[in-house]
$ cat query-v2.cif   # mmCIF, C-alpha atoms and all ligand atoms
data_query
#
loop_
_atom_site.group_PDB
_atom_site.id
_atom_site.type_symbol
_atom_site.label_atom_id
_atom_site.label_comp_id
_atom_site.auth_asym_id
_atom_site.auth_seq_id
_atom_site.Cartn_x
_atom_site.Cartn_y
_atom_site.Cartn_z
ATOM 1 C CA MET A 1 -9.101 -30.846 -11.590
ATOM 2 C CA LYS A 2 -9.023 -27.114 -12.318
ATOM 3 C CA GLN A 3 -9.837 -24.795 -9.423
ATOM 4 C CA LEU A 4 -12.882 -23.135 -11.030
ATOM 5 C CA GLN A 5 -14.120 -25.959 -13.252
ATOM 6 C CA ASP A 6 -17.570 -24.991 -14.667
ATOM 7 C CA LYS A 7 -18.013 -22.121 -12.182
ATOM 8 C CA VAL A 8 -19.968 -19.266 -13.761
ATOM 9 C CA CYS A 9 -17.931 -16.128 -13.076
ATOM 10 C CA ILE A 10 -18.830 -12.548 -14.000
ATOM 11 C CA VAL A 11 -15.937 -10.067 -14.124
ATOM 12 C CA THR A 12 -16.775 -6.386 -14.619
ATOM 13 C CA GLY A 13 -14.216 -3.991 -16.081
ATOM 14 C CA ALA A 14 -12.752 -7.031 -17.831
ATOM 15 C CA GLY A 15 -11.627 -5.188 -20.951
ATOM 16 C CA ARG A 16 -8.326 -4.025 -19.462
ATOM 17 C CA GLY A 17 -6.104 -4.197 -16.397
ATOM 18 C CA ILE A 18 -7.002 -6.287 -13.359
ATOM 19 C CA GLY A 19 -10.407 -7.306 -14.752
ATOM 20 C CA ARG A 20 -8.855 -8.573 -17.988
ATOM 21 C CA ALA A 21 -6.185 -10.538 -16.118
ATOM 22 C CA THR A 22 -8.783 -11.988 -13.742
ATOM 23 C CA ALA A 23 -11.018 -13.078 -16.620
ATOM 24 C CA ILE A 24 -8.079 -14.799 -18.355
ATOM 25 C CA ALA A 25 -6.941 -16.472 -15.114
ATOM 26 C CA TYR A 26 -10.499 -17.736 -14.499
ATOM 27 C CA GLY A 27 -10.727 -19.074 -18.064
ATOM 28 C CA ARG A 28 -7.497 -21.032 -17.532
ATOM 29 C CA GLU A 29 -8.981 -22.592 -14.381
ATOM 30 C CA GLY A 30 -12.015 -23.935 -16.257
ATOM 31 C CA ALA A 31 -14.597 -21.241 -15.424
ATOM 32 C CA LYS A 32 -17.399 -20.102 -17.703
ATOM 33 C CA VAL A 33 -16.354 -16.469 -17.810
ATOM 34 C CA VAL A 34 -18.604 -13.483 -18.456
ATOM 35 C CA VAL A 35 -16.299 -10.749 -19.737
ATOM 36 C CA ALA A 36 -18.161 -7.511 -18.955
ATOM 37 C CA SER A 37 -17.050 -3.967 -19.739
ATOM 38 C CA ARG A 38 -18.189 -0.885 -21.651
ATOM 39 C CA THR A 39 -16.142 -1.215 -24.845
ATOM 40 C CA ARG A 40 -17.316 -3.926 -27.271
ATOM 41 C CA ALA A 41 -13.893 -4.279 -28.940
ATOM 42 C CA THR A 42 -11.982 -5.054 -25.716
ATOM 43 C CA VAL A 43 -14.766 -7.317 -24.407
ATOM 44 C CA ASP A 44 -14.611 -9.342 -27.641
ATOM 45 C CA GLU A 45 -10.809 -9.413 -27.581
ATOM 46 C CA VAL A 46 -10.624 -10.804 -24.035
ATOM 47 C CA ALA A 47 -13.422 -13.326 -24.692
ATOM 48 C CA LYS A 48 -11.515 -14.494 -27.789
ATOM 49 C CA ILE A 49 -8.268 -14.919 -25.817
ATOM 50 C CA ILE A 50 -10.119 -17.171 -23.360
ATOM 51 C CA ARG A 51 -11.756 -19.208 -26.126
ATOM 52 C CA ASP A 52 -8.478 -19.505 -28.069
ATOM 53 C CA GLU A 53 -6.916 -21.009 -24.933
ATOM 54 C CA GLY A 54 -9.686 -23.634 -24.872
ATOM 55 C CA GLY A 55 -11.893 -21.900 -22.282
ATOM 56 C CA THR A 56 -15.509 -20.725 -22.274
ATOM 57 C CA ALA A 57 -16.399 -17.034 -22.410
ATOM 58 C CA LEU A 58 -19.362 -14.765 -23.054
ATOM 59 C CA GLY A 59 -18.742 -11.096 -23.840
ATOM 60 C CA VAL A 60 -21.312 -8.620 -22.461
ATOM 61 C CA THR A 61 -21.180 -4.836 -22.745
ATOM 62 C CA VAL A 62 -22.202 -3.059 -19.558
ATOM 63 C CA ASP A 63 -21.843 0.333 -17.947
ATOM 64 C CA VAL A 64 -21.935 -0.460 -14.231
ATOM 65 C CA GLY A 65 -23.145 3.074 -13.516
ATOM 66 C CA HIS A 66 -26.578 2.038 -14.843
ATOM 67 C CA LYS A 67 -28.659 -0.276 -12.658
ATOM 68 C CA ASP A 68 -30.709 -1.674 -15.561
ATOM 69 C CA GLN A 69 -27.522 -2.658 -17.411
ATOM 70 C CA VAL A 70 -26.053 -4.396 -14.361
ATOM 71 C CA PHE A 71 -29.231 -6.461 -13.866
ATOM 72 C CA ALA A 72 -29.361 -7.177 -17.628
ATOM 73 C CA MET A 73 -25.739 -8.453 -17.457
ATOM 74 C CA VAL A 74 -26.716 -10.929 -14.741
ATOM 75 C CA ASP A 75 -29.913 -11.961 -16.604
ATOM 76 C CA ARG A 76 -27.869 -12.590 -19.769
ATOM 77 C CA THR A 77 -25.406 -14.692 -17.751
ATOM 78 C CA VAL A 78 -28.179 -16.847 -16.306
ATOM 79 C CA GLN A 79 -29.817 -17.193 -19.708
ATOM 80 C CA GLU A 80 -26.509 -18.457 -21.182
ATOM 81 C CA PHE A 81 -25.061 -20.520 -18.310
ATOM 82 C CA GLY A 82 -28.007 -21.203 -15.964
ATOM 83 C CA THR A 83 -26.657 -19.563 -12.795
ATOM 84 C CA VAL A 84 -23.947 -17.296 -11.280
ATOM 85 C CA ASP A 85 -21.326 -18.649 -8.879
ATOM 86 C CA VAL A 86 -18.916 -15.708 -8.700
ATOM 87 C CA ILE A 87 -19.093 -11.971 -9.354
ATOM 88 C CA VAL A 88 -16.027 -9.733 -9.397
ATOM 89 C CA ASN A 89 -17.161 -6.112 -9.093
ATOM 90 C CA ASN A 90 -13.935 -4.602 -10.420
ATOM 91 C CA ALA A 91 -15.047 -1.717 -12.710
ATOM 92 C CA GLN A 92 -14.681 1.838 -11.412
ATOM 93 C CA GLY A 93 -15.239 5.157 -13.192
ATOM 94 C CA PHE A 94 -13.279 8.370 -12.501
ATOM 95 C CA GLY A 95 -13.997 12.041 -13.192
ATOM 96 C CA THR A 96 -17.534 13.034 -14.141
ATOM 97 C CA GLU A 97 -20.170 11.579 -16.448
ATOM 98 C CA ALA A 98 -19.573 14.488 -18.854
ATOM 99 C CA LYS A 99 -15.781 14.272 -18.578
ATOM 100 C CA PRO A 100 -14.583 10.811 -17.510
ATOM 101 C CA GLN A 101 -10.917 10.478 -16.483
ATOM 102 C CA ALA A 102 -8.501 7.534 -16.747
ATOM 103 C CA SER A 103 -7.677 7.727 -13.027
ATOM 104 C CA THR A 104 -7.923 10.048 -10.052
ATOM 105 C CA VAL A 105 -6.685 13.615 -10.457
ATOM 106 C CA TYR A 106 -5.724 15.669 -7.379
ATOM 107 C CA VAL A 107 -8.610 17.864 -6.146
ATOM 108 C CA ALA A 108 -8.476 19.412 -2.665
ATOM 109 C CA ILE A 109 -11.379 18.373 -0.433
ATOM 110 C CA GLU A 110 -12.685 21.956 -0.288
ATOM 111 C CA ASP A 111 -12.899 22.018 -4.094
ATOM 112 C CA THR A 112 -14.465 18.581 -4.537
ATOM 113 C CA ASN A 113 -17.110 18.795 -7.174
ATOM 114 C CA ASP A 114 -20.568 17.246 -6.616
ATOM 115 C CA ASP A 115 -20.663 15.758 -10.116
ATOM 116 C CA GLU A 116 -17.358 13.976 -9.553
ATOM 117 C CA LEU A 117 -18.537 12.575 -6.240
ATOM 118 C CA TYR A 118 -21.819 11.358 -7.780
ATOM 119 C CA TYR A 119 -20.170 9.762 -10.826
ATOM 120 C CA THR A 120 -17.409 8.081 -8.829
ATOM 121 C CA PHE A 121 -20.016 6.778 -6.397
ATOM 122 C CA LYS A 122 -22.422 5.654 -9.138
ATOM 123 C CA THR A 123 -19.787 3.634 -10.985
ATOM 124 C CA GLY A 124 -18.122 2.408 -7.765
ATOM 125 C CA CYS A 125 -20.312 1.861 -4.729
ATOM 126 C CA MET A 126 -23.656 1.794 -6.566
ATOM 127 C CA GLY A 127 -22.403 -0.427 -9.401
ATOM 128 C CA THR A 128 -20.981 -2.831 -6.813
ATOM 129 C CA LEU A 129 -24.209 -2.808 -4.772
ATOM 130 C CA TRP A 130 -26.332 -3.444 -7.889
ATOM 131 C CA GLY A 131 -24.022 -6.308 -8.915
ATOM 132 C CA MET A 132 -24.422 -7.864 -5.466
ATOM 133 C CA GLN A 133 -28.204 -7.405 -5.468
ATOM 134 C CA ALA A 134 -28.561 -8.876 -8.956
ATOM 135 C CA VAL A 135 -26.611 -12.079 -8.169
ATOM 136 C CA PHE A 136 -28.111 -12.608 -4.699
ATOM 137 C CA PRO A 137 -31.212 -14.596 -5.811
ATOM 138 C CA HIS A 138 -28.913 -16.961 -7.746
ATOM 139 C CA MET A 139 -26.467 -17.433 -4.862
ATOM 140 C CA LYS A 140 -28.963 -17.646 -2.014
ATOM 141 C CA GLU A 141 -29.759 -21.343 -2.491
ATOM 142 C CA LYS A 142 -26.257 -22.661 -3.113
ATOM 143 C CA GLY A 143 -23.740 -20.083 -1.869
ATOM 144 C CA GLY A 144 -21.305 -18.080 -3.948
ATOM 145 C CA ARG A 145 -18.320 -15.764 -4.033
ATOM 146 C CA ILE A 146 -18.477 -11.964 -4.286
ATOM 147 C CA ILE A 147 -15.203 -10.090 -4.792
ATOM 148 C CA ASN A 148 -15.250 -6.281 -4.590
ATOM 149 C CA PHE A 149 -12.502 -3.714 -5.139
ATOM 150 C CA ALA A 150 -11.303 -1.164 -2.604
ATOM 151 C CA SER A 151 -8.101 0.883 -2.527
ATOM 152 C CA GLY A 152 -5.333 1.769 -0.118
ATOM 153 C CA ALA A 153 -6.138 5.376 -1.055
ATOM 154 C CA GLY A 154 -9.456 5.133 0.772
ATOM 155 C CA MET A 155 -7.987 3.283 3.731
ATOM 156 C CA ILE A 156 -5.379 5.970 4.445
ATOM 157 C CA GLY A 157 -7.481 8.939 3.276
ATOM 158 C CA ASN A 158 -5.065 9.769 0.485
ATOM 159 C CA PRO A 159 -5.008 13.605 0.059
ATOM 160 C CA GLY A 160 -6.697 14.924 -3.090
ATOM 161 C CA ASN A 161 -8.891 11.857 -3.666
ATOM 162 C CA THR A 162 -12.075 12.637 -1.698
ATOM 163 C CA SER A 163 -14.535 11.118 -4.188
ATOM 164 C CA TYR A 164 -12.491 7.989 -4.869
ATOM 165 C CA ASN A 165 -11.639 7.461 -1.197
ATOM 166 C CA ALA A 166 -15.320 7.809 -0.266
ATOM 167 C CA THR A 167 -16.601 5.310 -2.812
ATOM 168 C CA LYS A 168 -13.849 2.776 -2.094
ATOM 169 C CA GLU A 169 -14.445 2.838 1.669
ATOM 170 C CA ALA A 170 -18.212 2.659 1.021
ATOM 171 C CA ILE A 171 -17.555 -0.475 -1.032
ATOM 172 C CA ARG A 172 -15.750 -1.983 1.967
ATOM 173 C CA ALA A 173 -18.699 -1.053 4.188
ATOM 174 C CA ILE A 174 -21.342 -2.680 1.970
ATOM 175 C CA SER A 175 -19.096 -5.731 1.482
ATOM 176 C CA LYS A 176 -18.831 -6.246 5.246
ATOM 177 C CA THR A 177 -22.586 -5.723 5.614
ATOM 178 C CA ALA A 178 -23.252 -8.370 2.958
ATOM 179 C CA ALA A 179 -20.745 -10.709 4.624
ATOM 180 C CA ASN A 180 -22.746 -10.385 7.841
ATOM 181 C CA GLU A 181 -26.216 -10.660 6.284
ATOM 182 C CA TRP A 182 -25.479 -13.342 3.669
ATOM 183 C CA GLY A 183 -23.038 -15.488 5.647
ATOM 184 C CA LYS A 184 -25.908 -17.820 6.534
ATOM 185 C CA TYR A 185 -26.270 -18.600 2.823
ATOM 186 C CA GLN A 186 -22.551 -19.449 2.506
ATOM 187 C CA ILE A 187 -22.003 -16.409 0.306
ATOM 188 C CA ILE A 188 -18.371 -15.437 0.908
ATOM 189 C CA VAL A 189 -17.596 -11.743 0.353
ATOM 190 C CA SER A 190 -14.011 -10.607 -0.204
ATOM 191 C CA ILE A 191 -12.476 -7.186 -0.732
ATOM 192 C CA VAL A 192 -9.268 -6.637 -2.688
ATOM 193 C CA ASN A 193 -6.920 -3.674 -2.296
ATOM 194 C CA PRO A 194 -4.440 -3.960 -5.180
ATOM 195 C CA ALA A 195 -1.195 -2.302 -6.305
ATOM 196 C CA LEU A 196 -0.903 -3.725 -9.811
ATOM 197 C CA ARG A 197 0.507 -2.198 -12.973
ATOM 198 C CA THR A 198 -2.450 -1.196 -15.197
ATOM 199 C CA ASP A 199 -3.584 1.677 -17.445
ATOM 200 C CA ALA A 200 -5.282 3.329 -14.465
ATOM 201 C CA PHE A 201 -2.135 3.077 -12.342
ATOM 202 C CA GLU A 202 -0.014 4.528 -15.159
ATOM 203 C CA ALA A 203 -2.481 7.400 -15.646
ATOM 204 C CA TRP A 204 -2.285 8.101 -11.891
ATOM 205 C CA GLU A 205 1.506 8.027 -12.035
ATOM 206 C CA LYS A 206 1.478 10.480 -14.948
ATOM 207 C CA ALA A 207 -0.860 12.834 -13.063
ATOM 208 C CA ARG A 208 1.104 12.663 -9.751
ATOM 209 C CA PRO A 209 4.657 11.412 -10.461
ATOM 210 C CA GLU A 210 6.278 12.503 -7.184
ATOM 211 C CA TYR A 211 3.547 11.047 -4.987
ATOM 212 C CA VAL A 212 3.395 7.769 -6.901
ATOM 213 C CA LYS A 213 7.194 7.479 -6.642
ATOM 214 C CA THR A 214 6.831 7.395 -2.855
ATOM 215 C CA VAL A 215 4.101 4.762 -3.209
ATOM 216 C CA ARG A 216 6.351 2.565 -5.341
ATOM 217 C CA GLU A 217 9.259 3.002 -2.910
ATOM 218 C CA SER A 218 7.076 2.012 0.044
ATOM 219 C CA ILE A 219 6.413 -1.478 -1.362
ATOM 220 C CA PRO A 220 8.667 -3.969 0.453
ATOM 221 C CA LEU A 221 8.786 -6.263 -2.594
ATOM 222 C CA LYS A 222 10.151 -3.239 -4.519
ATOM 223 C CA ARG A 223 7.955 -3.630 -7.560
ATOM 224 C CA LEU A 224 4.383 -3.144 -8.665
ATOM 225 C CA GLY A 225 2.499 -6.381 -9.161
ATOM 226 C CA ASP A 226 1.613 -7.809 -12.543
ATOM 227 C CA PRO A 227 -2.189 -8.186 -12.882
ATOM 228 C CA LEU A 228 -1.978 -11.728 -14.283
ATOM 229 C CA GLU A 229 1.176 -13.202 -12.744
ATOM 230 C CA ASP A 230 0.776 -11.664 -9.268
ATOM 231 C CA GLY A 231 -2.957 -10.917 -9.170
ATOM 232 C CA GLY A 232 -4.292 -14.001 -10.999
ATOM 233 C CA PRO A 233 -3.543 -16.666 -8.357
ATOM 234 C CA THR A 234 -5.093 -14.579 -5.552
ATOM 235 C CA MET A 235 -8.192 -13.814 -7.611
ATOM 236 C CA VAL A 236 -8.568 -17.515 -8.465
ATOM 237 C CA PHE A 237 -8.278 -18.540 -4.816
ATOM 238 C CA LEU A 238 -10.855 -15.966 -3.668
ATOM 239 C CA ALA A 239 -13.340 -17.319 -6.253
ATOM 240 C CA SER A 240 -12.679 -20.976 -5.454
ATOM 241 C CA ASP A 241 -14.371 -23.495 -3.161
ATOM 242 C CA GLY A 242 -11.178 -23.474 -1.081
ATOM 243 C CA ASN A 243 -12.055 -19.941 0.085
ATOM 244 C CA ARG A 244 -14.768 -21.060 2.498
ATOM 245 C CA PHE A 245 -14.178 -19.718 6.025
ATOM 246 C CA MET A 246 -12.975 -16.133 5.604
ATOM 247 C CA THR A 247 -15.539 -13.467 4.790
ATOM 248 C CA GLY A 248 -15.741 -9.673 4.919
ATOM 249 C CA MET A 249 -11.945 -9.549 4.764
ATOM 250 C CA THR A 250 -9.802 -7.067 2.856
ATOM 251 C CA TYR A 251 -6.883 -8.703 1.023
ATOM 252 C CA HIS A 252 -3.923 -6.418 0.447
ATOM 253 C CA LEU A 253 -2.513 -7.422 -2.935
ATOM 254 C CA VAL A 254 0.178 -4.778 -2.593
ATOM 255 C CA GLY A 255 3.571 -6.448 -2.165
ATOM 256 C CA GLY A 256 3.501 -5.762 1.585
ATOM 257 C CA ARG A 257 2.719 -2.025 1.422
ATOM 258 C CA TYR A 258 -0.042 -2.500 4.017
ATOM 259 C CA MET A 259 0.332 -4.962 6.874
ATOM 260 C CA PRO A 260 -2.719 -4.213 9.052
HETATM 261 N N1 LIG B 1 -4.250 -0.756 -10.443
HETATM 262 C C1 LIG B 1 -4.116 -0.568 -9.146
HETATM 263 O O1 LIG B 1 -3.028 -0.688 -8.584
HETATM 264 C C2 LIG B 1 -5.314 -0.236 -8.301
HETATM 265 C C3 LIG B 1 -5.106 0.328 -7.029
HETATM 266 C C4 LIG B 1 -6.204 0.526 -6.188
HETATM 267 C C5 LIG B 1 -7.473 0.161 -6.622
HETATM 268 N N2 LIG B 1 -7.645 -0.353 -7.882
HETATM 269 C C6 LIG B 1 -9.010 -0.728 -8.279
HETATM 270 O O2 LIG B 1 -8.956 -1.934 -9.047
HETATM 271 C C7 LIG B 1 -9.986 -1.931 -10.047
HETATM 272 C C8 LIG B 1 -9.394 -2.157 -11.423
HETATM 273 O O3 LIG B 1 -8.458 -1.143 -11.706
HETATM 274 P P1 LIG B 1 -7.497 -1.165 -12.972
HETATM 275 O O4 LIG B 1 -6.235 -0.521 -12.526
HETATM 276 O O5 LIG B 1 -7.470 -2.516 -13.580
HETATM 277 O O6 LIG B 1 -8.275 -0.153 -13.970
HETATM 278 P P2 LIG B 1 -8.156 0.068 -15.565
HETATM 279 O O7 LIG B 1 -6.841 -0.409 -16.048
HETATM 280 O O8 LIG B 1 -8.530 1.490 -15.811
HETATM 281 O O9 LIG B 1 -9.308 -0.851 -16.144
HETATM 282 C C9 LIG B 1 -10.623 -0.567 -15.775
HETATM 283 C C10 LIG B 1 -11.587 -1.420 -16.580
HETATM 284 O O10 LIG B 1 -12.917 -1.060 -16.168
HETATM 285 C C11 LIG B 1 -13.694 -0.708 -17.310
HETATM 286 N N3 LIG B 1 -14.673 0.305 -16.903
HETATM 287 C C12 LIG B 1 -14.450 1.588 -16.504
HETATM 288 N N4 LIG B 1 -15.601 2.192 -16.192
HETATM 289 C C13 LIG B 1 -16.573 1.265 -16.369
HETATM 290 C C14 LIG B 1 -17.983 1.301 -16.218
HETATM 291 N N5 LIG B 1 -18.632 2.399 -15.822
HETATM 292 N N6 LIG B 1 -18.685 0.169 -16.505
HETATM 293 C C15 LIG B 1 -18.047 -0.955 -16.906
HETATM 294 N N7 LIG B 1 -16.728 -1.035 -17.093
HETATM 295 C C16 LIG B 1 -15.995 0.072 -16.820
HETATM 296 C C17 LIG B 1 -12.658 -0.233 -18.333
HETATM 297 O O11 LIG B 1 -13.005 -0.473 -19.681
HETATM 298 P P3 LIG B 1 -13.987 0.375 -20.567
HETATM 299 O O12 LIG B 1 -13.506 1.792 -20.403
HETATM 300 O O13 LIG B 1 -13.858 -0.145 -21.930
HETATM 301 O O14 LIG B 1 -15.307 0.072 -19.981
HETATM 302 C C18 LIG B 1 -11.490 -1.196 -18.055
HETATM 303 O O15 LIG B 1 -11.698 -2.418 -18.726
HETATM 304 C C19 LIG B 1 -10.723 -0.596 -9.869
HETATM 305 O O16 LIG B 1 -11.820 -0.778 -9.006
HETATM 306 C C20 LIG B 1 -9.682 0.287 -9.199
HETATM 307 O O17 LIG B 1 -10.238 1.358 -8.491
HETATM 308 C C21 LIG B 1 -6.603 -0.537 -8.732
#

$ encode --input "query-v2.cif" --output "structure tokens" --more "lines below"
Ligand SMILES: NC(=O)c1ccc[n+]([C@@H]2O[C@H](COP(=O)([O-])OP(=O)(O)OC[C@H]3O[C@@H](n4cnc5c(N)ncnc54)[C@H](OP(=O)(O)O)[C@@H]3O)[C@@H](O)[C@H]2O)c1
Amino acid sequence: MKQLQDKVCIVTGAGRGIGRATAIAYGREGAKVVVASRTRATVDEVAKIIRDEGGTALGVTVDVGHKDQVFAMVDRTVQEFGTVDVIVNNAQGFGTEAKPQASTVYVAIEDTNDDELYYTFKTGCMGTLWGMQAVFPHMKEKGGRIINFASGAGMIGNPGNTSYNATKEAIRAISKTAANEWGKYQIIVSIVNPALRTDAFEAWEKARPEYVKTVRESIPLKRLGDPLEDGGPTMVFLASDGNRFMTGMTYHLVGGRYMP
């Protein structure tokens, strides 16, 4: 028996990086996967990989910074598969709406720009909140799994990342609130803090090579994780029925960098 057999799982930001790896890992475990991201070409590519491996996938384009699109993504999922069992709110925008960035770029707190704070928040905390609100009616009667993405940057108050740190810690706050309010419905909420090699991580490394070198060196396992090989099994477990008595927790998928 596969761990996610016939579970309906939405993964946002599934075109690349951690979202892509999670979607593929879920497909291999028998899930009906909704591959959701902004770019049609990558959405279709990931959905095809899942189908070519014998899995079930639906590609949906969504910008999680728009509430109507997030609710439409969930409606489309229910129309196709009848319900939602799991949502992974993984997508996160950087920069500003007018000038999006591939990752965070150092900006001192005194120079933090309102537009950057709003855009980072809209695509991070708000997109995550809307995803949670949209799936709630479908999970209320039977339980479910919500997996949201934080960052070690927010937890330590990484210098130069005010907007990103704020949205990532806000995501942890709303996740814990949901864990408290929705626990009675057996909706399990998990938070993931990753250190996995992706386009966003490489863009961050390019922007701040010296700082990121110290991050890499501080990982006891002495390597960055691979999104599929190292991230996949954890993401599958968090979505599975076996994850049933831990909620509101932050999981540090970071090779030991944080041991709180
Ligand atoms: N990699 C790490 O080590 C690390 C560390 C700490 C936290 N994180 C968090 O982990 C999550 C995934 O990061 P990643 O490294 O996999 O990023 P990534 O490689 O940049 O991939 C991000 C994915 O999200 C999509 N996306 C971006 N903005 C979106 C939006 N507004 N609506 C819908 N989709 C959007 C992107 O595709 P399109 O552009 O085509 O939409 C892409 O598929 C993020 O929440 C990030 O903050 C990652």

$ closest_atom_pairs --input "query-v2.cif" --of "chain A" --to "ligand LIG 1 (chain B)" --cutoff "7 Å" --atoms "only C-alpha atoms and all ligand atoms" --output "JSON lines"
{"residue": "A:Thr12", "atom": "CA", "partner": "B:LIG1", "partner_atom": "N7", "distance": 5.9}
{"residue": "A:Gly13", "atom": "CA", "partner": "B:LIG1", "partner_atom": "O10", "distance": 3.2}
{"residue": "A:Ala14", "atom": "CA", "partner": "B:LIG1", "partner_atom": "O15", "distance": 4.8}
{"residue": "A:Gly15", "atom": "CA", "partner": "B:LIG1", "partner_atom": "O15", "distance": 3.6}
{"residue": "A:Arg16", "atom": "CA", "partner": "B:LIG1", "partner_atom": "O15", "distance": 3.8}
{"residue": "A:Gly17", "atom": "CA", "partner": "B:LIG1", "partner_atom": "O5", "distance": 3.6}
{"residue": "A:Ile18", "atom": "CA", "partner": "B:LIG1", "partner_atom": "O5", "distance": 3.8}
{"residue": "A:Gly19", "atom": "CA", "partner": "B:LIG1", "partner_atom": "O5", "distance": 5.7}
{"residue": "A:Arg20", "atom": "CA", "partner": "B:LIG1", "partner_atom": "O15", "distance": 6.8}
{"residue": "A:Ala36", "atom": "CA", "partner": "B:LIG1", "partner_atom": "C15", "distance": 6.9}
{"residue": "A:Ser37", "atom": "CA", "partner": "B:LIG1", "partner_atom": "N7", "distance": 4.0}
{"residue": "A:Arg38", "atom": "CA", "partner": "B:LIG1", "partner_atom": "O14", "distance": 3.5}
{"residue": "A:Thr39", "atom": "CA", "partner": "B:LIG1", "partner_atom": "O13", "distance": 3.9}
{"residue": "A:Thr42", "atom": "CA", "partner": "B:LIG1", "partner_atom": "O13", "distance": 6.5}
{"residue": "A:Val62", "atom": "CA", "partner": "B:LIG1", "partner_atom": "C15", "distance": 5.4}
{"residue": "A:Asp63", "atom": "CA", "partner": "B:LIG1", "partner_atom": "N6", "distance": 3.5}
{"residue": "A:Val64", "atom": "CA", "partner": "B:LIG1", "partner_atom": "N6", "distance": 4.0}
{"residue": "A:Gly65", "atom": "CA", "partner": "B:LIG1", "partner_atom": "N5", "distance": 5.1}
{"residue": "A:Asn90", "atom": "CA", "partner": "B:LIG1", "partner_atom": "O16", "distance": 4.6}
{"residue": "A:Ala91", "atom": "CA", "partner": "B:LIG1", "partner_atom": "O10", "distance": 4.1}
{"residue": "A:Gln92", "atom": "CA", "partner": "B:LIG1", "partner_atom": "O16", "distance": 4.6}
{"residue": "A:Gly93", "atom": "CA", "partner": "B:LIG1", "partner_atom": "N4", "distance": 4.2}
{"residue": "A:Ala102", "atom": "CA", "partner": "B:LIG1", "partner_atom": "O8", "distance": 6.1}
{"residue": "A:Ser103", "atom": "CA", "partner": "B:LIG1", "partner_atom": "O8", "distance": 6.9}
{"residue": "A:Thr123", "atom": "CA", "partner": "B:LIG1", "partner_atom": "N5", "distance": 5.1}
{"residue": "A:Phe149", "atom": "CA", "partner": "B:LIG1", "partner_atom": "O16", "distance": 4.9}
{"residue": "A:Ala150", "atom": "CA", "partner": "B:LIG1", "partner_atom": "C5", "distance": 5.7}
{"residue": "A:Ser151", "atom": "CA", "partner": "B:LIG1", "partner_atom": "C4", "distance": 4.1}
{"residue": "A:Gly152", "atom": "CA", "partner": "B:LIG1", "partner_atom": "C4", "distance": 6.3}
{"residue": "A:Asn193", "atom": "CA", "partner": "B:LIG1", "partner_atom": "C4", "distance": 5.8}
{"residue": "A:Pro194", "atom": "CA", "partner": "B:LIG1", "partner_atom": "C3", "distance": 4.7}
{"residue": "A:Ala195", "atom": "CA", "partner": "B:LIG1", "partner_atom": "O1", "distance": 3.3}
{"residue": "A:Leu196", "atom": "CA", "partner": "B:LIG1", "partner_atom": "O1", "distance": 3.9}
{"residue": "A:Arg197", "atom": "CA", "partner": "B:LIG1", "partner_atom": "N1", "distance": 5.6}
{"residue": "A:Thr198", "atom": "CA", "partner": "B:LIG1", "partner_atom": "O7", "distance": 4.5}
{"residue": "A:Asp199", "atom": "CA", "partner": "B:LIG1", "partner_atom": "O7", "distance": 4.1}
{"residue": "A:Ala200", "atom": "CA", "partner": "B:LIG1", "partner_atom": "O8", "distance": 4.0}
{"residue": "A:Phe201", "atom": "CA", "partner": "B:LIG1", "partner_atom": "N1", "distance": 4.8}

$ residues_around --input "query-v2.cif" --residues "Asn161 (chain A)" --least-positions-apart "5" --cutoff "7 Å" --atoms "only C-alpha atoms" --output "list in words"
Thr104, Tyr106 and Val107 of chain A

$ write_last_selection --input "query-v2.cif" --atoms "C-alpha atoms" --output "PDB file, in the coordinates of the input"
ATOM      1  CA  THR A 104      -7.923  10.048 -10.052  1.00  0.00           C
ATOM      2  CA  TYR A 106      -5.724  15.669  -7.379  1.00  0.00           C
ATOM      3  CA  VAL A 107      -8.610  17.864  -6.146  1.00  0.00           C
TER       4      VAL A 107
END

$ residues_around --input "query-v2.cif" --residues "Ala31 (chain A)" --least-positions-apart "3" --cutoff "7 Å" --atoms "all atoms listed in the file" --output "count of residues only"
9

$ resolve_selection --input "query-v2.cif" --expression "the PyMOL selection byres (((chain A and resi 236) around 10) and not hetatm)" --output "list in words"
Gln3, Leu4, Thr22, Ala23, Ala25, Tyr26, Gly27, Arg28, Glu29, Ala31, Gly231, Gly232, Pro233, Thr234, Met235, Phe237, Leu238, Ala239, Ser240, Asp241, Gly242 and Asn243 of chain A

$ resolve_selection --input "query-v2.cif" --expression "the PyMOL selection byres (((chain A and resi 127) around 8) and not hetatm)" --output "number ranges by chain"
A: 64-67, 70, 89, 122-126, 128-131

$ closest_residue --input "query-v2.cif" --among "A:Met155, A:Leu228, A:Val84, A:Val11" --to "Ala170 (chain A)" --atoms "only C-alpha atoms"
A:Met155

$ closest_residue --input "query-v2.cif" --among "A:Ala153, A:Ala166, A:Val105, A:Ile187" --to "Pro137 (chain A)" --atoms "only C-alpha atoms"
A:Ile187

$ resolve_selection --input "query-v2.cif" --expression "the PyMOL selection byres (((chain A and resi 87) around 6) and not hetatm)" --output "MDAnalysis selection string"
chainID A and resid 9:10 86 88 146

$ atom_distance --input "query-v2.cif" --atom1 "CA of Met139 (chain A)" --atom2 "CA of Ala47 (chain A)"
24.1 Å

$ axis_aligned_box --input "query-v2.cif" --around "region 72-75 of chain A" --padding-each-side "8 Å" --output "JSON"
{"center_x": -27.8, "center_y": -9.6, "center_z": -16.2, "size_x": 20.2, "size_y": 20.8, "size_z": 18.9}

$ residues_around --input "query-v2.cif" --residues "Met249 (chain A)" --least-positions-apart "5" --cutoff "10 Å" --atoms "only C-alpha atoms" --output "compact mmCIF listing (two decimals) with C-alpha atoms, keeping the file's coordinate frame"
# COMPACT_ATOMS: atom_id res chain seq x y z
CA ARG A 172 -15.75 -1.98 1.97
CA SER A 175 -19.10 -5.73 1.48
CA LYS A 176 -18.83 -6.25 5.25
CA ALA A 179 -20.74 -10.71 4.62
CA ILE A 188 -18.37 -15.44 0.91
CA VAL A 189 -17.60 -11.74 0.35
CA SER A 190 -14.01 -10.61 -0.20
CA ILE A 191 -12.48 -7.19 -0.73
CA VAL A 192 -9.27 -6.64 -2.69
